[in-house]
Structures are given as structure tokens and as C-alpha cells.
>>> print(open('data31.tsv').read())   # TSV, C-alpha atoms
chain	number	residue	atom	x	y	z
A	1479	MET	CA	-84.25	-36.40	-20.48
A	1480	ASN	CA	-80.64	-37.61	-20.45
A	1481	PHE	CA	-77.66	-35.62	-21.68
A	1482	GLN	CA	-77.38	-37.38	-25.06
A	1483	ALA	CA	-81.09	-36.89	-25.78
A	1484	LYS	CA	-80.81	-33.18	-24.92
A	1485	LEU	CA	-77.73	-32.85	-27.12
A	1486	ASN	CA	-79.46	-34.61	-30.03
A	1487	ARG	CA	-82.49	-32.32	-29.66
A	1488	MET	CA	-80.29	-29.20	-29.61
A	1489	ILE	CA	-78.46	-30.34	-32.74
A	1490	ALA	CA	-81.72	-31.18	-34.54
A	1491	GLU	CA	-83.27	-27.81	-33.65
A	1492	LYS	CA	-80.27	-25.76	-34.77
A	1493	THR	CA	-80.83	-24.42	-38.25
A	1494	PRO	CA	-77.87	-22.85	-40.01
A	1495	THR	CA	-78.28	-19.14	-40.72
A	1496	GLN	CA	-75.95	-16.65	-42.30
A	1497	PRO	CA	-74.63	-13.93	-40.01
A	1498	ALA	CA	-76.32	-10.57	-40.62
A	1499	HIS	CA	-73.11	-8.89	-41.79
A	1500	TYR	CA	-72.80	-11.39	-44.69
A	1501	ALA	CA	-76.40	-10.94	-45.77
A	1502	ALA	CA	-76.08	-7.15	-45.70
A	1503	ALA	CA	-72.76	-6.93	-47.57
A	1504	GLN	CA	-73.68	-7.28	-51.24
A	1505	ASP	CA	-70.15	-6.61	-52.48
A	1506	ILE	CA	-68.59	-9.71	-50.89
A	1507	ARG	CA	-67.80	-12.33	-53.53
A	1508	ILE	CA	-69.02	-15.88	-52.80
A	1509	VAL	CA	-67.11	-18.74	-54.40
A	1510	GLU	CA	-68.47	-22.30	-54.47
A	1511	SER	CA	-66.08	-24.83	-52.96
A	1512	THR	CA	-66.78	-27.17	-55.90
A	1513	ASP	CA	-65.32	-24.51	-58.21
A	1514	ILE	CA	-62.17	-24.31	-56.10
A	1515	PHE	CA	-61.61	-28.01	-55.40
A	1516	ARG	CA	-62.75	-29.33	-58.84
A	1517	GLY	CA	-63.33	-32.87	-57.56
A	1518	GLN	CA	-60.26	-32.97	-55.33
A	1519	THR	CA	-60.32	-33.07	-51.52
A	1520	GLU	CA	-57.20	-30.97	-50.99
A	1521	ILE	CA	-55.73	-27.85	-52.58
A	1522	MET	CA	-52.75	-25.60	-51.95
A	1523	ILE	CA	-53.19	-21.83	-51.68
A	1524	LYS	CA	-50.30	-19.41	-52.05
A	1525	HIS	CA	-50.82	-16.22	-50.05
A	1526	GLU	CA	-48.08	-13.58	-49.76
A	1527	GLY	CA	-45.43	-16.18	-50.60
A	1528	VAL	CA	-46.63	-18.71	-48.01
A	1529	ILE	CA	-48.25	-22.01	-49.04
A	1530	TYR	CA	-51.41	-23.05	-47.17
A	1531	ARG	CA	-53.24	-26.37	-47.47
A	1532	MET	CA	-57.04	-26.46	-47.52
A	1533	LYS	CA	-58.69	-29.84	-47.10
A	1534	ILE	CA	-62.26	-31.17	-47.11
A	1535	THR	CA	-62.71	-33.57	-44.18
A	1536	ARG	CA	-64.72	-36.80	-44.25
A	1537	GLN	CA	-67.46	-34.86	-42.44
A	1538	GLY	CA	-67.53	-32.27	-45.24
A	1539	LYS	CA	-65.87	-29.47	-43.25
A	1540	LEU	CA	-62.98	-27.30	-44.42
A	1541	ILE	CA	-59.61	-27.17	-42.68
A	1542	LEU	CA	-56.93	-24.60	-43.54
A	1543	ASN	CA	-53.36	-25.29	-42.38
A	1544	LYS	CA	-50.21	-23.26	-42.82
>>> encode(input="data31.tsv", output="C-alpha cells")
Amino acid sequence: MNFQAKLNRMIAEKTPTQPAHYAAAQDIRIVESTDIFRGQTEIMIKHEGVIYRMKITRQGKLILNK
């Protein structure tokens, strides 16, 4: 099996799971990204007087920049 085939198999077999500490902590608030972004792909977050930019990439991932 070549490298690309092995890589594709590893990706296909990987199923996302939540880390145990998230599943066990019932008091952690979960916020849906759709509620935060409201149809936009980029938002600004002010934290302790500093502005951060959070963006949804074309691949659907989140990036946070200072």
C-alpha cells in the first residue's frame, strides 16, 4: 500500500471524539458557532481591551488571530 493510500485509510478510520474532560465537565457552557457568527464568516472579539479576529475558513475550521 502506498503512502497516499495509507494516509487516506487513516483519515477515513479516524472518528472525531470529545476528550474525556469535556464529557465529564457538565458545567462548561457550549455555544454553537452559528449563534456567534450569525451567517457571517468573520467576527471580532474584544477580550481584556484587545481585539481578536475569529474567522471560519473555506474548510470549515476556526482561526483566531490577535
>>> residues_around(input="data31.tsv", residues="segment 1501-1516 of chain A", least_positions_apart="6", cutoff="10 Å", atoms="all atoms listed in the file", output="PyMOL selection string")
chain A and resi 1495+1522+1532-1534+1540
>>> atom_distance(input="data31.tsv", atom1="atom CA of Lys1524 of chain A", atom2="atom CA of Arg1536 of chain A")
23.9 Å
>>> atom_distance(input="data31.tsv", atom1="atom CA of Asn1543 of chain A", atom2="atom CA of Tyr1530 of chain A")
5.6 Å
>>> atom_distance(input="data31.tsv", atom1="atom CA of Leu1542 of chain A", atom2="atom CA of Val1528 of chain A")
12.7 Å
>>> decode(input="data31.tsv", residues="segment 1507-1526 of chain A", atoms="N, CA and C atoms", output="compact mmCIF listing (two decimals), in the first residue's frame")
# COMPACT_ATOMS: atom_id res chain seq x y z
N ARG A 1507 -20.07 25.67 29.48
CA ARG A 1507 -21.09 26.13 28.54
C ARG A 1507 -20.63 25.88 27.11
N ILE A 1508 -21.50 25.33 26.28
CA ILE A 1508 -21.21 25.10 24.87
C ILE A 1508 -22.05 26.08 24.06
N VAL A 1509 -21.39 26.80 23.17
CA VAL A 1509 -22.05 27.78 22.32
C VAL A 1509 -21.90 27.34 20.87
N GLU A 1510 -23.00 27.31 20.13
CA GLU A 1510 -22.95 26.95 18.72
C GLU A 1510 -22.30 28.08 17.92
N SER A 1511 -21.42 27.73 17.00
CA SER A 1511 -20.76 28.74 16.19
C SER A 1511 -21.76 29.52 15.34
N THR A 1512 -22.85 28.88 14.94
CA THR A 1512 -23.87 29.59 14.15
C THR A 1512 -24.51 30.71 14.95
N ASP A 1513 -24.61 30.53 16.27
CA ASP A 1513 -25.14 31.59 17.13
C ASP A 1513 -24.18 32.76 17.25
N ILE A 1514 -22.90 32.48 17.18
CA ILE A 1514 -21.88 33.53 17.30
C ILE A 1514 -21.71 34.27 15.98
N PHE A 1515 -21.59 33.53 14.88
CA PHE A 1515 -21.29 34.14 13.59
C PHE A 1515 -22.51 34.71 12.88
N ARG A 1516 -23.70 34.18 13.15
CA ARG A 1516 -24.96 34.68 12.59
C ARG A 1516 -24.88 34.89 11.07
N GLY A 1517 -24.38 33.90 10.35
CA GLY A 1517 -24.32 33.98 8.89
C GLY A 1517 -23.07 34.64 8.33
N GLN A 1518 -22.26 35.21 9.19
CA GLN A 1518 -21.01 35.83 8.75
C GLN A 1518 -19.88 34.80 8.79
N THR A 1519 -18.75 35.10 8.16
CA THR A 1519 -17.60 34.20 8.23
C THR A 1519 -16.49 34.76 9.11
N GLU A 1520 -16.68 35.97 9.63
CA GLU A 1520 -15.65 36.59 10.46
C GLU A 1520 -16.30 37.46 11.52
N ILE A 1521 -15.76 37.38 12.73
CA ILE A 1521 -16.23 38.25 13.81
C ILE A 1521 -15.03 38.81 14.55
N MET A 1522 -15.26 39.86 15.30
CA MET A 1522 -14.23 40.44 16.16
C MET A 1522 -14.64 40.18 17.61
N ILE A 1523 -13.66 39.82 18.43
CA ILE A 1523 -13.90 39.54 19.85
C ILE A 1523 -13.01 40.46 20.66
N LYS A 1524 -13.61 41.19 21.59
CA LYS A 1524 -12.83 42.06 22.47
C LYS A 1524 -12.63 41.32 23.79
N HIS A 1525 -11.36 41.13 24.16
CA HIS A 1525 -11.01 40.42 25.39
C HIS A 1525 -9.96 41.21 26.13
N GLU A 1526 -10.31 41.69 27.31
CA GLU A 1526 -9.41 42.50 28.14
C GLU A 1526 -8.79 43.66 27.36
